[in-house]
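As stored in protein-v1.tsv (TSV, C-alpha atoms):
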```tsv
chain	number	residue	atom	x	y	z
A	1	MET	CA	0.00	0.00	0.00
A	2	THR	CA	2.94	2.32	-0.53
A	3	THR	CA	4.05	4.45	-3.43
A	4	LYS	CA	7.60	5.13	-4.52
A	5	GLN	CA	9.02	8.61	-4.34
A	6	ILE	CA	12.24	9.63	-6.07
A	7	SER	CA	14.52	11.97	-4.14
A	8	ILE	CA	16.97	13.84	-6.35
A	9	PHE	CA	20.00	15.71	-5.04
A	10	MET	CA	20.40	19.06	-6.84
A	11	GLU	CA	22.57	22.14	-6.70
A	12	ASN	CA	20.79	25.21	-5.38
A	13	ARG	CA	21.47	27.51	-8.34
A	14	PRO	CA	19.44	29.21	-11.08
A	15	GLY	CA	18.35	26.79	-13.78
A	16	SER	CA	18.87	23.52	-11.90
A	17	LEU	CA	15.14	22.72	-11.65
A	18	TYR	CA	14.73	23.56	-15.33
A	19	GLU	CA	17.54	21.14	-16.19
A	20	LEU	CA	15.93	18.38	-14.14
A	21	CYS	CA	12.53	18.92	-15.74
A	22	LYS	CA	14.12	19.07	-19.19
A	23	ALA	CA	15.85	15.72	-18.56
A	24	LEU	CA	12.51	14.19	-17.54
A	25	GLU	CA	10.83	15.67	-20.62
A	26	GLU	CA	13.52	14.23	-22.90
A	27	GLU	CA	12.83	10.79	-21.43
A	28	ASN	CA	9.04	11.27	-21.70
A	29	ILE	CA	8.56	10.96	-17.93
A	30	SER	CA	5.61	12.83	-16.39
A	31	MET	CA	5.72	14.01	-12.82
A	32	ARG	CA	2.54	13.49	-10.86
A	33	ALA	CA	3.71	15.38	-7.78
A	34	MET	CA	6.75	17.39	-6.79
A	35	CYS	CA	8.18	18.86	-3.61
A	36	LEU	CA	11.32	20.96	-3.52
A	37	ALA	CA	13.30	21.60	-0.33
A	38	GLU	CA	16.44	23.64	-0.29
A	39	ALA	CA	19.44	24.44	1.82
A	40	GLU	CA	22.05	27.08	1.07
A	41	ASP	CA	24.06	25.13	-1.53
A	42	PHE	CA	21.87	22.18	-2.46
A	43	GLY	CA	18.31	20.98	-2.61
A	44	ILE	CA	16.29	17.82	-2.65
A	45	CYS	CA	13.59	17.47	-5.25
A	46	ARG	CA	11.06	14.77	-4.43
A	47	ILE	CA	8.84	13.52	-7.22
A	48	ILE	CA	6.13	10.95	-7.77
A	49	VAL	CA	5.99	9.37	-11.25
A	50	ASP	CA	4.17	6.41	-12.78
A	51	ASP	CA	7.32	4.34	-13.37
A	52	PRO	CA	9.93	5.19	-10.74
A	53	PHE	CA	12.47	2.61	-11.91
A	54	GLU	CA	12.46	3.97	-15.46
A	55	ALA	CA	12.75	7.51	-14.08
A	56	VAL	CA	15.68	6.69	-11.78
A	57	THR	CA	17.52	4.98	-14.61
A	58	ALA	CA	16.98	8.00	-16.86
A	59	LEU	CA	17.99	10.46	-14.16
A	60	LYS	CA	21.17	8.56	-13.38
A	61	ASP	CA	21.96	8.50	-17.11
A	62	HIS	CA	21.69	12.31	-16.97
A	63	GLY	CA	24.14	12.45	-14.05
A	64	TYR	CA	21.72	12.91	-11.15
A	65	ILE	CA	22.16	11.34	-7.74
A	66	CYS	CA	18.79	9.95	-6.72
A	67	LYS	CA	17.09	7.22	-4.74
A	68	ILE	CA	13.68	5.65	-4.32
A	69	THR	CA	11.89	5.95	-0.97
A	70	LYS	CA	8.62	4.33	0.06
A	71	VAL	CA	5.95	6.84	1.05
A	72	LEU	CA	2.25	6.68	1.79
A	73	THR	CA	-0.19	8.33	-0.59
A	74	VAL	CA	-3.72	8.78	0.71
A	75	GLU	CA	-6.89	10.02	-0.92
A	76	ILE	CA	-8.75	12.75	0.93
A	77	ASP	CA	-11.81	14.83	0.22
A	78	ASP	CA	-10.89	18.12	-1.44
A	79	ARG	CA	-12.51	20.28	1.23
A	80	ALA	CA	-11.53	22.47	4.13
A	81	GLY	CA	-10.55	20.45	7.20
A	82	ALA	CA	-9.95	17.11	5.48
A	83	LEU	CA	-6.29	17.18	6.48
A	84	VAL	CA	-7.21	17.57	10.15
A	85	GLY	CA	-8.77	14.09	10.24
A	86	ILE	CA	-5.67	12.42	8.76
A	87	LEU	CA	-3.33	14.26	11.11
A	88	ASN	CA	-5.49	13.36	14.11
A	89	LYS	CA	-5.34	9.66	13.20
A	90	LEU	CA	-1.56	9.77	12.72
A	91	GLY	CA	-1.01	11.56	16.01
A	92	SER	CA	-3.37	9.36	18.02
A	93	LEU	CA	-1.48	6.27	16.79
A	94	GLY	CA	1.95	7.76	17.53
A	95	ILE	CA	2.93	7.98	13.84
A	96	ASN	CA	5.38	10.83	13.29
A	97	LEU	CA	5.06	12.72	10.02
A	98	GLU	CA	8.49	13.65	8.64
A	99	TYR	CA	7.14	15.68	5.71
A	100	SER	CA	4.19	15.84	3.39
A	101	TYR	CA	3.01	17.38	0.13
A	102	ALA	CA	-0.16	17.13	-1.92
A	103	PHE	CA	-1.39	16.88	-5.50
A	104	LEU	CA	-4.65	16.84	-7.43
A	105	SER	CA	-5.78	14.51	-10.20
A	106	LYS	CA	-8.61	14.40	-12.71
A	107	LYS	CA	-10.79	12.74	-10.09
A	108	PRO	CA	-13.30	15.39	-8.96
A	109	GLU	CA	-13.58	16.43	-5.33
A	110	LYS	CA	-10.51	14.42	-4.27
A	111	ALA	CA	-6.97	15.40	-3.35
A	112	TYR	CA	-3.95	13.22	-2.64
A	113	LEU	CA	-1.53	13.57	0.19
A	114	VAL	CA	1.98	12.13	0.14
A	115	LEU	CA	3.15	11.27	3.66
A	116	ARG	CA	6.70	10.39	4.62
A	117	VAL	CA	6.80	8.41	7.84
A	118	LEU	CA	9.69	6.41	9.27
A	119	HIS	CA	8.13	2.95	8.83
A	120	PRO	CA	5.48	3.14	6.08
A	121	GLU	CA	4.39	-0.51	6.19
A	122	ALA	CA	3.95	-0.40	9.98
A	123	ALA	CA	1.95	2.82	9.63
A	124	VAL	CA	-0.35	1.16	7.07
A	125	ASP	CA	-0.89	-1.74	9.48
A	126	LYS	CA	-1.79	0.68	12.30
A	127	LEU	CA	-4.12	2.68	10.05
A	128	GLN	CA	-6.00	-0.31	8.58
A	129	GLY	CA	-9.69	0.02	9.32
A	130	SER	CA	-9.44	3.75	10.00
A	131	GLY	CA	-11.23	4.74	6.81
A	132	ILE	CA	-8.09	6.07	5.13
A	133	ARG	CA	-7.83	5.12	1.46
A	134	PHE	CA	-4.25	4.36	0.46
A	135	ILE	CA	-3.11	4.68	-3.15
A	136	CYS	CA	-0.60	2.06	-4.24
A	137	GLN	CA	1.97	2.58	-6.97
A	138	ASP	CA	-0.12	0.74	-9.58
A	139	GLU	CA	-3.12	3.05	-9.03
A	140	LEU	CA	-1.27	6.27	-9.84
A	141	GLN	CA	-1.83	6.08	-13.59
A	142	GLU	CA	-5.56	5.61	-13.09
A	143	LEU	CA	-5.79	8.95	-11.28
A	144	PHE	CA	-4.79	10.79	-14.45
A	145	GLU	CA	-6.78	8.92	-17.06
A	146	ASP	CA	-10.00	10.31	-18.53
```
Written form, structure tokens:
Amino acid sequence: MTTKQISIFMENRPGSLYELCKALEEENISMRAMCLAEAEDFGICRIIVDDPFEAVTALKDHGYICKITKVLTVEIDDRAGALVGILNKLGSLGINLEYSYAFLSKKPEKAYLVLRVLHPEAAVDKLQGSGIRFICQDELQELFED
């Protein structure tokens, strides 16, 4: 019930995100979600794609340092306060959220939240039966089809 996120090490300089996106475009890889975090000299770009193994291979061929990390992706209602319910469940079960970012799809009235927790499989086990809908890697493509 996890999805695979690619973390890419990048220089923090003008044009570096453009170069990354251009490399993905050249390889015909579509990002579904992206999160960019920076420090003074470098940054980490985290992306969700349909085929992470193909993307990592392509990125490494373009000289990028990257790795795949398991994350949780959950479907939530696209409405005010929907995040509060997820955060309450995580906190009540003692699941620490390291970072998170969100994306939308073509599915109306739904949003998707990417959650990075220390032990994703254990978190899924704790959250089973809580009403949270997890999106697995294979379901990502379906979110963007007409």
Checklist entry - Counting all atoms listed in the file, which of A:Leu93, A:Met1, A:Ile132, A:Leu24 gets nearest to Val56 in chain A? => result A:Leu24
Checklist outcome for this item: CA of Ile44 in chain A sits from CA of Ile8 in chain A at a separation of 5.5 Å
Checklist entry - In Å to one decimal, how far is CA of Asn88 in chain A from CA of Leu143 in chain A? => result 25.8 Å
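Counting only C-alpha atoms, the residue from A:Val71, A:Cys21, A:Leu83, A:Ala102 that sits nearest to Phe134 in chain A is A:Val71.
With distances taken over all atoms listed in the file, A:Ser30 is the one residue among A:Gln141, A:Ser92, A:Ser130, A:Ser30 lying closest to Ala55 in chain A.
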Checklist entry - Could you pull the residues within 12 Å of Glu27 in chain A, counting all atoms listed in the file, minus those fewer than 6 positions along the same chain, as a PyMOL selection string? => result chain A and resi 20-21+51+54-62
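For Pro120 in chain A, the residues within 8 Å (counting all atoms listed in the file, excluding itself and residues fewer than 6 positions away along the chain) are Thr2, Lys70, Val71 and Leu72 of chain A.
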Item to check | Shell of 10 Å around Glu142 in chain A, only C-alpha atoms, local chain residues under 6 positions omitted, as a count of residues only | outcome: 4
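Taking only C-alpha atoms into account, Ile48 in chain A lies nearest to A:Lys67 out of the set A:Glu121, A:Ala80, A:Lys67, A:Leu87.
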Would you pick out the contacts of Arg46 in chain A at 12 Å or less, using only C-alpha atoms, so that residues sharing its chain but fewer than 3 positions from it are not included, and give the list as a PDB file with C-alpha atoms, in the coordinates of the input?
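Here's the written file result.pdb:
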```
ATOM      1  CA  LYS A   4       7.600   5.130  -4.520  1.00  0.00           C
ATOM      2  CA  GLN A   5       9.020   8.610  -4.340  1.00  0.00           C
ATOM      3  CA  ILE A   6      12.240   9.630  -6.070  1.00  0.00           C
ATOM      4  CA  SER A   7      14.520  11.970  -4.140  1.00  0.00           C
ATOM      5  CA  ILE A   8      16.970  13.840  -6.350  1.00  0.00           C
ATOM      6  CA  PHE A   9      20.000  15.710  -5.040  1.00  0.00           C
ATOM      7  CA  MET A  10      20.400  19.060  -6.840  1.00  0.00           C
ATOM      8  CA  LEU A  17      15.140  22.720 -11.650  1.00  0.00           C
ATOM      9  CA  LEU A  20      15.930  18.380 -14.140  1.00  0.00           C
ATOM     10  CA  MET A  31       5.720  14.010 -12.820  1.00  0.00           C
ATOM     11  CA  ARG A  32       2.540  13.490 -10.860  1.00  0.00           C
ATOM     12  CA  ALA A  33       3.710  15.380  -7.780  1.00  0.00           C
ATOM     13  CA  MET A  34       6.750  17.390  -6.790  1.00  0.00           C
ATOM     14  CA  CYS A  35       8.180  18.860  -3.610  1.00  0.00           C
ATOM     15  CA  LEU A  36      11.320  20.960  -3.520  1.00  0.00           C
ATOM     16  CA  ALA A  37      13.300  21.600  -0.330  1.00  0.00           C
ATOM     17  CA  GLU A  38      16.440  23.640  -0.290  1.00  0.00           C
ATOM     18  CA  GLY A  43      18.310  20.980  -2.610  1.00  0.00           C
ATOM     19  CA  VAL A  49       5.990   9.370 -11.250  1.00  0.00           C
ATOM     20  CA  PRO A  52       9.930   5.190 -10.740  1.00  0.00           C
ATOM     21  CA  VAL A  56      15.680   6.690 -11.780  1.00  0.00           C
ATOM     22  CA  CYS A  66      18.790   9.950  -6.720  1.00  0.00           C
ATOM     23  CA  LYS A  67      17.090   7.220  -4.740  1.00  0.00           C
ATOM     24  CA  ILE A  68      13.680   5.650  -4.320  1.00  0.00           C
ATOM     25  CA  THR A  69      11.890   5.950  -0.970  1.00  0.00           C
ATOM     26  CA  LYS A  70       8.620   4.330   0.060  1.00  0.00           C
ATOM     27  CA  VAL A  71       5.950   6.840   1.050  1.00  0.00           C
ATOM     28  CA  TYR A  99       7.140  15.680   5.710  1.00  0.00           C
ATOM     29  CA  SER A 100       4.190  15.840   3.390  1.00  0.00           C
ATOM     30  CA  TYR A 101       3.010  17.380   0.130  1.00  0.00           C
ATOM     31  CA  ALA A 102      -0.160  17.130  -1.920  1.00  0.00           C
ATOM     32  CA  VAL A 114       1.980  12.130   0.140  1.00  0.00           C
ATOM     33  CA  LEU A 115       3.150  11.270   3.660  1.00  0.00           C
ATOM     34  CA  ARG A 116       6.700  10.390   4.620  1.00  0.00           C
TER      35      ARG A 116
END
```
Checklist outcome for this item: Using only C-alpha atoms, the shortest atom-to-atom distance to Ile47 in chain A among A:Ile29, A:Leu97, A:Leu118, A:Val74 belongs to A:Ile29
Item to check | Pick from A:Leu90, A:Ala111, A:Leu104, A:Leu140 nearest to Leu127 in chain A, counting only C-alpha atoms | outcome: A:Leu90
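The space between CA of Phe103 in chain A and CA of Ala82 in chain A spans 13.9 Å.
Residues in contact with Arg79 in chain A at up to 12 Å, not including ones fewer than 3 positions away on its chain and judged by all atoms listed in the file, are Glu75, Ile76, Ala82, Leu83, Val84, Gly85, Pro108, Glu109, Lys110, Ala111 and Tyr112 of chain A.
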